[in-house]
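This is work27.cif. It holds mmCIF, C-alpha atoms and all ligand atoms.
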```cif
data_coords
loop_
_atom_site.group_PDB
_atom_site.id
_atom_site.type_symbol
_atom_site.label_atom_id
_atom_site.label_comp_id
_atom_site.auth_asym_id
_atom_site.auth_seq_id
_atom_site.Cartn_x
_atom_site.Cartn_y
_atom_site.Cartn_z
ATOM 1 C CA MET A 1 166.945 40.332 141.104
ATOM 2 C CA GLU A 2 169.562 37.753 140.586
ATOM 3 C CA LEU A 3 173.276 38.109 141.034
ATOM 4 C CA ASN A 4 175.615 36.153 138.815
ATOM 5 C CA GLU A 5 177.387 33.327 140.644
ATOM 6 C CA ARG A 6 180.328 33.705 138.307
ATOM 7 C CA ALA A 7 180.924 37.342 139.112
ATOM 8 C CA ASP A 8 184.012 37.977 141.231
ATOM 9 C CA VAL A 9 183.550 40.136 144.298
ATOM 10 C CA ASP A 10 186.054 42.977 144.417
ATOM 11 C CA THR A 11 186.453 43.354 148.158
ATOM 12 C CA SER A 12 189.106 46.042 147.704
ATOM 13 C CA GLN A 13 186.160 48.460 147.417
ATOM 14 C CA ILE A 14 185.135 47.557 150.970
ATOM 15 C CA GLU A 15 186.751 48.492 154.281
ATOM 16 C CA ASP A 16 185.635 45.939 156.778
ATOM 17 C CA ARG A 17 185.737 47.511 160.223
ATOM 18 C CA ARG A 18 183.276 45.139 161.862
ATOM 19 C CA GLY A 19 184.092 43.127 164.907
ATOM 20 C CA GLY A 20 187.424 43.689 166.507
ATOM 21 C CA GLY A 21 185.801 44.600 169.778
ATOM 22 C CA GLY A 22 187.287 48.073 170.036
ATOM 23 C CA GLY A 23 184.254 49.869 168.773
ATOM 24 C CA GLY A 24 184.282 53.513 168.039
ATOM 25 C CA GLY A 25 185.139 55.388 171.217
ATOM 26 C CA GLY A 26 182.721 58.197 170.751
ATOM 27 C CA MET A 27 179.031 57.711 171.115
ATOM 28 C CA GLY A 28 178.176 60.942 169.381
ATOM 29 C CA ILE A 29 175.300 60.854 166.962
ATOM 30 C CA PRO A 30 176.060 63.625 164.515
ATOM 31 C CA LEU A 31 173.356 62.611 162.078
ATOM 32 C CA PRO A 32 174.710 63.559 158.705
ATOM 33 C CA THR A 33 171.284 64.474 157.379
ATOM 34 C CA SER A 34 172.169 66.800 154.583
ATOM 35 C CA GLY A 35 175.605 65.288 154.383
ATOM 36 C CA GLY A 36 174.383 62.191 152.723
ATOM 37 C CA GLY A 37 172.412 59.863 154.950
ATOM 38 C CA ILE A 38 169.578 57.969 153.365
ATOM 39 C CA VAL A 39 167.126 58.888 156.081
ATOM 40 C CA GLY A 40 166.464 62.202 157.721
ATOM 41 C CA LEU A 41 165.010 60.668 160.797
ATOM 42 C CA ILE A 42 165.232 57.097 161.697
ATOM 43 C CA VAL A 43 162.870 55.242 163.916
ATOM 44 C CA THR A 44 165.130 53.486 166.309
ATOM 45 C CA LEU A 45 164.848 53.079 170.037
ATOM 46 C CA LEU A 46 165.769 56.699 170.365
ATOM 47 C CA ALA A 47 163.945 58.094 167.374
ATOM 48 C CA VAL A 48 166.548 60.792 167.127
ATOM 49 C CA LEU A 49 165.766 63.838 165.113
ATOM 50 C CA VAL A 50 168.789 65.847 164.201
ATOM 51 C CA GLY A 51 168.934 68.699 161.751
ATOM 52 C CA GLY A 52 171.678 70.521 159.988
ATOM 53 C CA GLY A 53 174.790 69.187 158.423
ATOM 54 C CA PHE A 54 177.562 67.221 159.962
ATOM 55 C CA GLY A 55 178.087 67.701 163.630
ATOM 56 C CA VAL A 56 181.736 68.060 164.324
ATOM 57 C CA ASN A 57 182.619 65.655 167.049
ATOM 58 C CA ALA A 58 186.076 65.395 168.417
ATOM 59 C CA MET A 59 187.682 62.265 167.091
ATOM 60 C CA THR A 60 187.929 60.328 170.269
ATOM 61 C CA GLY A 61 189.807 57.114 170.473
ATOM 62 C CA GLY A 62 191.189 55.158 167.581
ATOM 63 C CA ASP A 63 188.991 53.222 165.264
ATOM 64 C CA GLU A 64 189.632 49.612 164.456
ATOM 65 C CA PRO A 65 191.637 49.528 161.264
ATOM 66 C CA ALA A 66 189.995 47.781 158.339
ATOM 67 C CA ASP A 67 190.691 44.069 158.212
ATOM 68 C CA ASN A 68 189.443 42.540 154.988
ATOM 69 C CA GLY A 69 190.854 39.059 155.625
ATOM 70 C CA ALA A 70 187.546 37.489 156.608
ATOM 71 C CA ILE A 71 185.450 39.106 153.919
ATOM 72 C CA GLU A 72 187.973 38.253 151.215
ATOM 73 C CA GLN A 73 187.763 34.645 152.234
ATOM 74 C CA SER A 74 183.992 34.423 152.465
ATOM 75 C CA CYS A 75 183.465 36.292 149.185
ATOM 76 C CA ASP A 76 185.757 33.817 147.448
ATOM 77 C CA ALA A 77 183.721 30.844 148.621
ATOM 78 C CA ALA A 78 181.148 28.974 146.548
ATOM 79 C CA ASP A 79 178.244 30.174 148.686
ATOM 80 C CA LYS A 80 179.294 33.835 148.564
ATOM 81 C CA LEU A 81 175.930 34.959 147.225
ATOM 82 C CA LYS A 82 174.306 33.711 150.397
ATOM 83 C CA GLN A 83 176.387 36.178 152.401
ATOM 84 C CA LEU A 84 174.861 39.574 153.038
ATOM 85 C CA ASP A 85 178.247 41.299 153.040
ATOM 86 C CA CYS A 86 179.371 39.717 149.762
ATOM 87 C CA ARG A 87 176.133 40.632 148.036
ATOM 88 C CA ASN A 88 176.518 44.179 149.272
ATOM 89 C CA ALA A 89 180.109 44.265 148.053
ATOM 90 C CA LEU A 90 178.840 43.223 144.618
ATOM 91 C CA TYR A 91 176.261 46.002 144.665
ATOM 92 C CA VAL A 92 179.041 48.464 145.424
ATOM 93 C CA ASN A 93 181.110 46.979 142.571
ATOM 94 C CA SER A 94 178.218 47.337 140.151
ATOM 95 C CA ILE A 95 177.389 50.908 141.149
ATOM 96 C CA GLN A 96 180.997 52.050 140.867
ATOM 97 C CA SER A 97 181.656 50.282 137.610
ATOM 98 C CA TRP A 98 178.628 52.030 136.138
ATOM 99 C CA TRP A 99 179.727 55.480 137.317
ATOM 100 C CA GLU A 100 183.261 54.828 136.125
ATOM 101 C CA LYS A 101 181.925 54.822 132.556
ATOM 102 C CA ARG A 102 178.966 57.088 132.999
ATOM 103 C CA LEU A 103 180.433 60.037 134.855
ATOM 104 C CA PRO A 104 182.833 61.024 132.034
ATOM 105 C CA GLN A 105 180.088 60.524 129.441
ATOM 106 C CA SER A 106 177.432 62.516 131.245
ATOM 107 C CA PHE A 107 179.406 65.123 133.155
ATOM 108 C CA GLY A 108 182.859 65.134 131.605
ATOM 109 C CA GLU A 109 184.556 64.252 134.876
ATOM 110 C CA GLN A 110 186.665 61.278 135.873
ATOM 111 C CA TYR A 111 185.195 58.988 138.468
ATOM 112 C CA SER A 112 187.325 58.091 141.460
ATOM 113 C CA GLU A 113 186.419 55.101 143.550
ATOM 114 C CA ALA A 114 185.103 55.490 147.066
ATOM 115 C CA PRO A 115 185.192 52.590 149.478
ATOM 116 C CA THR A 116 182.229 51.476 151.526
ATOM 117 C CA VAL A 117 183.021 50.960 155.185
ATOM 118 C CA PHE A 118 181.148 48.141 156.927
ATOM 119 C CA PHE A 119 180.968 48.873 160.639
ATOM 120 C CA ASP A 120 179.230 47.704 163.808
ATOM 121 C CA GLN A 121 177.406 50.096 166.093
ATOM 122 C CA ALA A 122 179.752 53.064 165.972
ATOM 123 C CA VAL A 123 182.489 54.368 163.732
ATOM 124 C CA GLN A 124 184.963 57.209 163.457
ATOM 125 C CA THR A 125 184.814 59.021 160.153
ATOM 126 C CA GLY A 126 186.315 62.075 158.504
ATOM 127 C CA CYS A 127 183.008 63.747 159.397
ATOM 128 C CA GLY A 128 183.130 62.875 163.080
ATOM 129 C CA ALA A 129 181.918 59.952 165.130
ATOM 130 C CA ALA A 130 178.749 58.241 164.018
ATOM 131 C CA ASP A 131 176.440 55.702 165.470
ATOM 132 C CA SER A 132 174.454 53.022 163.619
ATOM 133 C CA GLY A 133 171.280 54.829 164.603
ATOM 134 C CA VAL A 134 171.913 57.449 161.932
ATOM 135 C CA GLY A 135 171.568 54.935 159.114
ATOM 136 C CA PRO A 136 173.945 54.628 156.172
ATOM 137 C CA PHE A 137 175.637 57.822 155.019
ATOM 138 C CA TYR A 138 178.313 59.304 152.807
ATOM 139 C CA CYS A 139 181.060 61.445 154.294
ATOM 140 C CA PRO A 140 182.291 64.042 151.772
ATOM 141 C CA ALA A 141 185.351 64.827 153.883
ATOM 142 C CA ASP A 142 186.901 61.376 153.473
ATOM 143 C CA HIS A 143 184.936 60.231 150.409
ATOM 144 C CA LYS A 144 183.622 57.061 151.989
ATOM 145 C CA VAL A 145 180.224 55.441 152.326
ATOM 146 C CA TYR A 146 179.451 54.078 155.800
ATOM 147 C CA ILE A 147 176.962 51.355 156.581
ATOM 148 C CA ASP A 148 176.152 49.062 159.459
ATOM 149 C CA LEU A 149 174.528 46.211 157.549
ATOM 150 C CA THR A 150 172.041 45.646 160.371
ATOM 151 C CA PHE A 151 170.345 48.784 159.014
ATOM 152 C CA TYR A 152 168.534 46.569 156.520
ATOM 153 C CA GLN A 153 166.859 44.778 159.400
ATOM 154 C CA VAL A 154 165.699 48.129 160.782
ATOM 155 C CA LEU A 155 164.451 49.021 157.331
ATOM 156 C CA ALA A 156 162.493 45.778 157.126
ATOM 157 C CA ASP A 157 161.235 45.488 160.696
ATOM 158 C CA GLN A 158 160.611 49.083 161.657
ATOM 159 C CA LEU A 159 160.084 50.838 158.357
ATOM 160 C CA GLY A 160 158.411 48.037 156.406
ATOM 161 C CA ALA A 161 160.811 47.964 153.460
ATOM 162 C CA SER A 162 161.816 44.332 153.430
ATOM 163 C CA GLY A 163 162.569 43.752 149.752
ATOM 164 C CA GLU A 164 166.117 42.770 148.849
ATOM 165 C CA PHE A 165 166.318 45.578 146.312
ATOM 166 C CA ALA A 166 166.226 48.034 149.213
ATOM 167 C CA GLN A 167 169.899 47.216 149.663
ATOM 168 C CA PRO A 168 171.339 48.234 146.304
ATOM 169 C CA TYR A 169 168.979 51.203 146.296
ATOM 170 C CA VAL A 170 170.422 52.436 149.596
ATOM 171 C CA LEU A 171 173.988 52.001 148.378
ATOM 172 C CA ALA A 172 173.285 53.588 144.994
ATOM 173 C CA HIS A 173 171.763 56.583 146.813
ATOM 174 C CA GLU A 174 174.938 57.005 148.891
ATOM 175 C CA TYR A 175 177.143 56.736 145.801
ATOM 176 C CA GLY A 176 174.930 59.392 144.276
ATOM 177 C CA HIS A 177 176.236 61.666 147.039
ATOM 178 C CA HIS A 178 179.776 60.686 146.142
ATOM 179 C CA VAL A 179 179.125 61.794 142.572
ATOM 180 C CA GLN A 180 177.633 65.061 143.840
ATOM 181 C CA SER A 181 180.828 65.577 145.765
ATOM 182 C CA LEU A 182 183.058 64.744 142.776
ATOM 183 C CA ILE A 183 181.321 67.088 140.349
ATOM 184 C CA GLY A 184 180.851 69.935 142.816
ATOM 185 C CA THR A 185 177.067 69.828 143.221
ATOM 186 C CA GLU A 186 177.382 69.310 146.933
ATOM 187 C CA ALA A 187 179.830 72.207 147.466
ATOM 188 C CA THR A 188 177.666 74.555 145.400
ATOM 189 C CA MET A 189 174.639 73.571 147.405
ATOM 190 C CA ARG A 190 176.456 74.179 150.720
ATOM 191 C CA ARG A 191 177.406 77.685 149.585
ATOM 192 C CA GLN A 192 173.768 78.324 148.674
ATOM 193 C CA GLN A 193 172.727 77.106 152.108
ATOM 194 C CA GLU A 194 175.127 79.530 153.733
ATOM 195 C CA ARG A 195 173.850 82.413 151.660
ATOM 196 C CA ASP A 196 170.245 81.464 152.243
ATOM 197 C CA PRO A 197 169.845 79.705 155.577
ATOM 198 C CA GLY A 198 166.072 79.859 155.245
ATOM 199 C CA ASP A 199 166.317 77.611 152.202
ATOM 200 C CA ALA A 200 168.767 75.157 153.752
ATOM 201 C CA ASN A 201 166.269 72.338 154.127
ATOM 202 C CA ALA A 202 164.717 72.858 150.722
ATOM 203 C CA LEU A 203 168.194 72.680 149.167
ATOM 204 C CA SER A 204 168.963 69.556 151.130
ATOM 205 C CA VAL A 205 165.796 67.967 149.747
ATOM 206 C CA LYS A 206 166.971 68.689 146.193
ATOM 207 C CA LEU A 207 170.336 67.090 146.881
ATOM 208 C CA GLU A 208 168.690 64.011 148.380
ATOM 209 C CA LEU A 209 166.141 63.622 145.599
ATOM 210 C CA GLN A 210 168.922 63.856 143.063
ATOM 211 C CA ALA A 211 170.714 60.998 144.834
ATOM 212 C CA ASP A 212 167.480 58.970 144.615
ATOM 213 C CA CYS A 213 167.273 59.755 140.917
ATOM 214 C CA TYR A 214 170.894 58.675 140.393
ATOM 215 C CA ALA A 215 170.018 55.418 142.158
ATOM 216 C CA GLY A 216 167.185 54.906 139.681
ATOM 217 C CA ALA A 217 169.466 55.630 136.736
ATOM 218 C CA TRP A 218 171.943 53.047 138.003
ATOM 219 C CA ALA A 219 169.122 50.495 138.510
ATOM 220 C CA LYS A 220 168.143 50.851 134.873
ATOM 221 C CA ASN A 221 171.701 50.079 133.770
ATOM 222 C CA ALA A 222 172.729 47.620 136.471
ATOM 223 C CA THR A 223 172.382 44.501 134.346
ATOM 224 C CA GLN A 224 174.998 45.975 131.994
ATOM 225 C CA THR A 225 177.645 46.160 134.717
ATOM 226 C CA ALA A 226 180.389 43.588 134.966
ATOM 227 C CA ASP A 227 183.269 42.480 137.153
ATOM 228 C CA ALA A 228 186.928 42.897 136.191
ATOM 229 C CA ASP A 229 186.782 39.815 133.923
ATOM 230 C CA GLY A 230 183.719 41.065 132.120
ATOM 231 C CA ASP A 231 181.280 38.691 133.838
ATOM 232 C CA PRO A 232 177.950 40.417 134.405
ATOM 233 C CA ILE A 233 177.227 41.189 138.056
ATOM 234 C CA PHE A 234 173.453 40.857 137.726
ATOM 235 C CA THR A 235 171.676 38.274 135.629
ATOM 236 C CA SER A 236 168.320 39.963 136.114
ATOM 237 C CA ILE A 237 166.536 42.921 137.620
ATOM 238 C CA THR A 238 162.771 42.637 137.456
ATOM 239 C CA ASP A 239 159.757 44.898 137.820
ATOM 240 C CA GLN A 240 159.386 43.456 141.300
ATOM 241 C CA ASP A 241 162.843 44.814 142.189
ATOM 242 C CA ILE A 242 161.943 48.258 140.945
ATOM 243 C CA LYS A 243 158.778 48.075 142.976
ATOM 244 C CA GLU A 244 160.887 47.242 146.027
ATOM 245 C CA GLY A 245 163.114 50.212 145.267
ATOM 246 C CA LEU A 246 160.036 52.445 145.089
ATOM 247 C CA ASP A 247 158.654 50.924 148.289
ATOM 248 C CA THR A 248 161.919 51.718 150.038
ATOM 249 C CA ALA A 249 161.855 55.278 148.747
ATOM 250 C CA ALA A 250 158.338 55.582 150.146
ATOM 251 C CA ALA A 251 159.291 54.072 153.500
ATOM 252 C CA ILE A 252 161.997 56.648 154.119
ATOM 253 C CA GLY A 253 160.185 59.785 152.972
ATOM 254 C CA ASP A 254 160.294 62.579 155.553
ATOM 255 C CA ASP A 255 156.515 62.713 155.955
ATOM 256 C CA THR A 256 156.260 58.969 156.493
ATOM 257 C CA LEU A 257 159.112 58.964 159.017
ATOM 258 C CA GLN A 258 157.633 61.888 160.918
ATOM 259 C CA LYS A 259 154.277 60.119 161.152
ATOM 260 C CA LYS A 260 155.923 56.888 162.195
ATOM 261 C CA SER A 261 157.730 58.589 165.023
ATOM 262 C CA GLY A 262 154.468 60.054 166.274
ATOM 263 C CA GLN A 263 155.113 63.597 165.091
ATOM 264 C CA ASP A 264 152.871 65.829 163.077
ATOM 265 C CA VAL A 265 153.946 66.206 159.494
ATOM 266 C CA ASN A 266 156.011 69.376 159.302
ATOM 267 C CA PRO A 267 157.184 70.270 155.791
ATOM 268 C CA ASP A 268 159.658 72.856 157.155
ATOM 269 C CA GLY A 269 161.549 70.016 158.754
ATOM 270 C CA PHE A 270 161.894 68.003 155.561
ATOM 271 C CA THR A 271 165.492 67.356 154.559
ATOM 272 C CA HIS A 272 165.125 64.387 152.211
ATOM 273 C CA GLY A 273 161.749 64.833 150.527
ATOM 274 C CA THR A 274 158.363 63.236 150.918
ATOM 275 C CA SER A 275 157.651 59.623 150.091
ATOM 276 C CA ALA A 276 155.942 60.688 146.879
ATOM 277 C CA GLN A 277 158.885 62.875 145.835
ATOM 278 C CA ARG A 278 161.425 60.174 146.589
ATOM 279 C CA GLN A 279 159.467 57.670 144.525
ATOM 280 C CA GLN A 280 158.999 60.153 141.729
ATOM 281 C CA TRP A 281 162.713 60.897 141.418
ATOM 282 C CA PHE A 282 163.812 57.286 141.693
ATOM 283 C CA ARG A 283 161.321 56.612 138.905
ATOM 284 C CA THR A 284 162.612 59.541 136.804
ATOM 285 C CA GLY A 285 166.126 58.159 136.983
ATOM 286 C CA TYR A 286 164.947 54.651 136.256
ATOM 287 C CA ASP A 287 162.780 55.604 133.307
ATOM 288 C CA SER A 288 165.520 57.578 131.565
ATOM 289 C CA GLY A 289 168.527 55.596 132.754
ATOM 290 C CA ASP A 290 170.321 58.922 132.360
ATOM 291 C CA PRO A 291 171.776 60.828 135.317
ATOM 292 C CA LYS A 292 171.355 64.055 133.349
ATOM 293 C CA SER A 293 167.612 63.683 133.818
ATOM 294 C CA CYS A 294 168.161 64.161 137.558
ATOM 295 C CA ASP A 295 168.041 67.945 137.558
ATOM 296 C CA THR A 296 166.255 68.389 140.862
ATOM 297 C CA PHE A 297 167.865 71.818 141.278
ATOM 298 C CA GLY A 298 166.324 73.023 138.050
ATOM 299 C CA THR A 299 162.757 72.198 139.077
ATOM 300 C CA SER A 300 160.772 73.856 141.811
HETATM 301 ZN ZN ZN B 1 171.143 60.979 151.126
#
```
Encoded form (structure tokens):
Amino acid sequence: MELNERADVDTSQIEDRRGGGGGGGGMGIPLPTSGGGIVGLIVTLLAVLVGGGFGVNAMTGGDEPADNGAIEQSCDAADKLKQLDCRNALYVNSIQSWWEKRLPQSFGEQYSEAPTVFFDQAVQTGCGAADSGVGPFYCPADHKVYIDLTFYQVLADQLGASGEFAQPYVLAHEYGHHVQSLIGTEATMRRQQERDPGDANALSVKLELQADCYAGAWAKNATQTADADGDPIFTSITDQDIKEGLDTAAAIGDDTLQKKSGQDVNPDGFTHGTSAQRQQWFRTGYDSGDPKSCDTFGTS
């Protein structure tokens, strides 16, 4: 994968809430499993396993307001592509510019942009307080993606997914949840969960696999995406990148994570799908390049 040095980074799609010292106030860990996190269970120091949807934590304390001054400056510099945050901002730009065109074509709905919030350690969100330990997630209540960029180090060191393409895959998965929120898939699925609590996890798996499939569909089209001036964002995406995407999907499958945390594999506890399923649906999206192929709810 190569990013284009001439592409401008649109940092207005990022809310930089890192640093600042204030931190989040709350230390709650309401793991937004079915609410849009990339991992159902993450192997951190705590190896927390949390089920269900968003925990509702009281919003304690004020969060640091976004301050994009530093990121604007560094993403304007000549060495911007060496910066993790600028590369991630470009991934966000590419994913959103693709959906901007694709959502109306495929689903007849207008796309509306969602910012990605970069945070350190803990953050207050429209879905409650969250801690980095939960991994990246999408909050449907405020329509924002949240990520502590140190997650990629966890992914590499603890989960064995060290390829660079893990990063756009993770972000494209979260934006898949944004699309599910925009077109009503997520709300429909929540109503089904309420009607059929016994199927709640199985429904969550379908939602998650669809987000993986959307990530694959974006990956197929990513080299066609461009910045505001029309400069392509990517100059290449190779088979190796797709392999890294598939490796990441495998690394964060529910069965693999359960084994890694020393648990027995328990299919009833799956919320995101097995490694094989996650790979399969990323591949389905990639092979077709068409989000309409991502009908995980229509298949058993
Ligand atoms: Zn997810």
Got a sec to check which residues lie within 9 Å of ligand ZN 1 (chain B), using all atoms listed in the file, and send them as a compact mmCIF listing (two decimals) with C-alpha atoms, in the coordinates of the input?
```txt
# COMPACT_ATOMS: atom_id res chain seq x y z
CA PRO A 32 174.71 63.56 158.71
CA THR A 33 171.28 64.47 157.38
CA SER A 34 172.17 66.80 154.58
CA GLY A 35 175.60 65.29 154.38
CA GLY A 36 174.38 62.19 152.72
CA GLY A 37 172.41 59.86 154.95
CA ILE A 38 169.58 57.97 153.36
CA VAL A 39 167.13 58.89 156.08
CA GLY A 40 166.46 62.20 157.72
CA PRO A 136 173.94 54.63 156.17
CA PHE A 137 175.64 57.82 155.02
CA TYR A 138 178.31 59.30 152.81
CA VAL A 170 170.42 52.44 149.60
CA HIS A 173 171.76 56.58 146.81
CA GLU A 174 174.94 57.00 148.89
CA GLY A 176 174.93 59.39 144.28
CA HIS A 177 176.24 61.67 147.04
CA SER A 204 168.96 69.56 151.13
CA VAL A 205 165.80 67.97 149.75
CA LEU A 207 170.34 67.09 146.88
CA GLU A 208 168.69 64.01 148.38
CA LEU A 209 166.14 63.62 145.60
CA GLN A 210 168.92 63.86 143.06
CA ALA A 211 170.71 61.00 144.83
CA ASP A 212 167.48 58.97 144.62
CA HIS A 272 165.12 64.39 152.21
```
(request) Determine the nearest neighbour of Asp16 of chain A from the options A:Glu164, A:Asp255, A:Glu113, A:Asp120, counting only C-alpha atoms. (result) A:Asp120
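Within the 8 Å cut-off around Ser275 of chain A, using all atoms listed in the file and omitting residues fewer than 5 positions from it on the same chain, the listed residues are Ala249, Ala250, Ala251, Ile252, Gly253, Asp254, Asp255 and Thr256 of chain A.
When atom CA of Gln153 of chain A is paired with atom CA of Arg18 of chain A, their separation reads 16.6 Å.
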(request) Give as an NGL selection string the residues that the PyMOL selection byres (((chain A and resi 87) around 12) and not hetatm) matches when applied to the coordinates above. (result) :A and (1-5 or 7-11 or 14 or 71 or 74-76 or 79-86 or 88-94 or 149 or 164-165 or 167-168 or 171 or 233-234)
Preceding selection exported with C-alpha atoms as a compact mmCIF listing (two decimals), in the coordinates of the input:
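Result file follows (result-v6.txt):
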```
# COMPACT_ATOMS: atom_id res chain seq x y z
CA MET A 1 166.94 40.33 141.10
CA GLU A 2 169.56 37.75 140.59
CA LEU A 3 173.28 38.11 141.03
CA ASN A 4 175.62 36.15 138.82
CA GLU A 5 177.39 33.33 140.64
CA ALA A 7 180.92 37.34 139.11
CA ASP A 8 184.01 37.98 141.23
CA VAL A 9 183.55 40.14 144.30
CA ASP A 10 186.05 42.98 144.42
CA THR A 11 186.45 43.35 148.16
CA ILE A 14 185.14 47.56 150.97
CA ILE A 71 185.45 39.11 153.92
CA SER A 74 183.99 34.42 152.46
CA CYS A 75 183.46 36.29 149.18
CA ASP A 76 185.76 33.82 147.45
CA ASP A 79 178.24 30.17 148.69
CA LYS A 80 179.29 33.84 148.56
CA LEU A 81 175.93 34.96 147.22
CA LYS A 82 174.31 33.71 150.40
CA GLN A 83 176.39 36.18 152.40
CA LEU A 84 174.86 39.57 153.04
CA ASP A 85 178.25 41.30 153.04
CA CYS A 86 179.37 39.72 149.76
CA ASN A 88 176.52 44.18 149.27
CA ALA A 89 180.11 44.26 148.05
CA LEU A 90 178.84 43.22 144.62
CA TYR A 91 176.26 46.00 144.66
CA VAL A 92 179.04 48.46 145.42
CA ASN A 93 181.11 46.98 142.57
CA SER A 94 178.22 47.34 140.15
CA LEU A 149 174.53 46.21 157.55
CA GLU A 164 166.12 42.77 148.85
CA PHE A 165 166.32 45.58 146.31
CA GLN A 167 169.90 47.22 149.66
CA PRO A 168 171.34 48.23 146.30
CA LEU A 171 173.99 52.00 148.38
CA ILE A 233 177.23 41.19 138.06
CA PHE A 234 173.45 40.86 137.73
```
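For the choices A:Phe282, A:Phe118, A:Tyr111, A:Phe270, the atom-to-atom distance to Lys144 of chain A is smallest for A:Phe118 when using only C-alpha atoms.
Each of A:Ala161, A:Ile183, A:Cys213, A:Leu257 was checked against Pro104 of chain A using all atoms listed in the file; the smallest atom-to-atom distance is that of A:Ile183.
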(message) When you count only C-alpha atoms, which of these residues is closest to Trp99 of chain A: A:Ser288, A:Asn221, A:Ala78, A:Lys243?
(response) A:Asn221
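Considering the residues A:Ser293, A:Gln110, A:Gln124, A:Asn68 and counting only C-alpha atoms, Gly216 of chain A has its shortest atom-to-atom contact with A:Ser293.
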(request) Skip Asp148 of chain A itself and residues of its chain fewer than 2 positions away, then list as a PyMOL selection string all residues within 9 Å of it, counting only C-alpha atoms. (result) chain A and resi 18+117-122+131-132+135-136+146+150-152
Export all heavy atoms of segment 162-167 of chain A from the structure just given, as an mmCIF file, in the first residue's frame?
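Dumped to part_21.cif:
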```
data_model
loop_
_atom_site.group_PDB
_atom_site.id
_atom_site.type_symbol
_atom_site.label_atom_id
_atom_site.label_comp_id
_atom_site.auth_asym_id
_atom_site.auth_seq_id
_atom_site.Cartn_x
_atom_site.Cartn_y
_atom_site.Cartn_z
ATOM 1 N N SER A 162 0.238 -7.253 12.476
ATOM 2 C CA SER A 162 1.170 -6.122 12.465
ATOM 3 C C SER A 162 1.210 -5.395 11.126
ATOM 4 O O SER A 162 1.900 -4.405 10.986
ATOM 5 C CB SER A 162 2.570 -6.605 12.817
ATOM 6 O OG SER A 162 2.948 -7.623 11.911
ATOM 7 N N GLY A 163 0.491 -5.896 10.133
ATOM 8 C CA GLY A 163 0.547 -5.245 8.822
ATOM 9 C C GLY A 163 -0.074 -3.861 8.857
ATOM 10 O O GLY A 163 -1.037 -3.613 9.583
ATOM 11 N N GLU A 164 0.457 -2.962 8.058
ATOM 12 C CA GLU A 164 -0.058 -1.593 8.004
ATOM 13 C C GLU A 164 -1.531 -1.569 7.560
ATOM 14 O O GLU A 164 -2.313 -0.727 7.996
ATOM 15 C CB GLU A 164 0.804 -0.768 7.035
ATOM 16 C CG GLU A 164 0.229 0.588 6.634
ATOM 17 C CD GLU A 164 0.646 1.736 7.553
ATOM 18 O OE1 GLU A 164 1.524 1.517 8.417
ATOM 19 O OE2 GLU A 164 0.079 2.832 7.396
ATOM 20 N N PHE A 165 -1.898 -2.519 6.710
ATOM 21 C CA PHE A 165 -3.269 -2.464 6.188
ATOM 22 C C PHE A 165 -4.308 -2.766 7.263
ATOM 23 O O PHE A 165 -5.501 -2.508 7.076
ATOM 24 C CB PHE A 165 -3.452 -3.394 4.977
ATOM 25 C CG PHE A 165 -4.589 -2.964 4.095
ATOM 26 C CD1 PHE A 165 -4.451 -1.889 3.234
ATOM 27 C CD2 PHE A 165 -5.819 -3.611 4.150
ATOM 28 C CE1 PHE A 165 -5.508 -1.463 2.440
ATOM 29 C CE2 PHE A 165 -6.881 -3.186 3.350
ATOM 30 C CZ PHE A 165 -6.723 -2.117 2.499
ATOM 31 N N ALA A 166 -3.850 -3.274 8.414
ATOM 32 C CA ALA A 166 -4.760 -3.425 9.550
ATOM 33 C C ALA A 166 -5.448 -2.092 9.867
ATOM 34 O O ALA A 166 -6.615 -2.062 10.259
ATOM 35 C CB ALA A 166 -3.993 -3.914 10.780
ATOM 36 N N GLN A 167 -4.715 -1.015 9.671
ATOM 37 C CA GLN A 167 -5.236 0.294 10.093
ATOM 38 C C GLN A 167 -6.423 0.766 9.252
ATOM 39 O O GLN A 167 -7.486 1.049 9.810
ATOM 40 C CB GLN A 167 -4.091 1.311 10.109
ATOM 41 C CG GLN A 167 -2.992 0.875 11.082
ATOM 42 C CD GLN A 167 -1.826 1.838 11.157
ATOM 43 O OE1 GLN A 167 -1.920 2.988 10.729
ATOM 44 N NE2 GLN A 167 -0.716 1.370 11.727
#
```
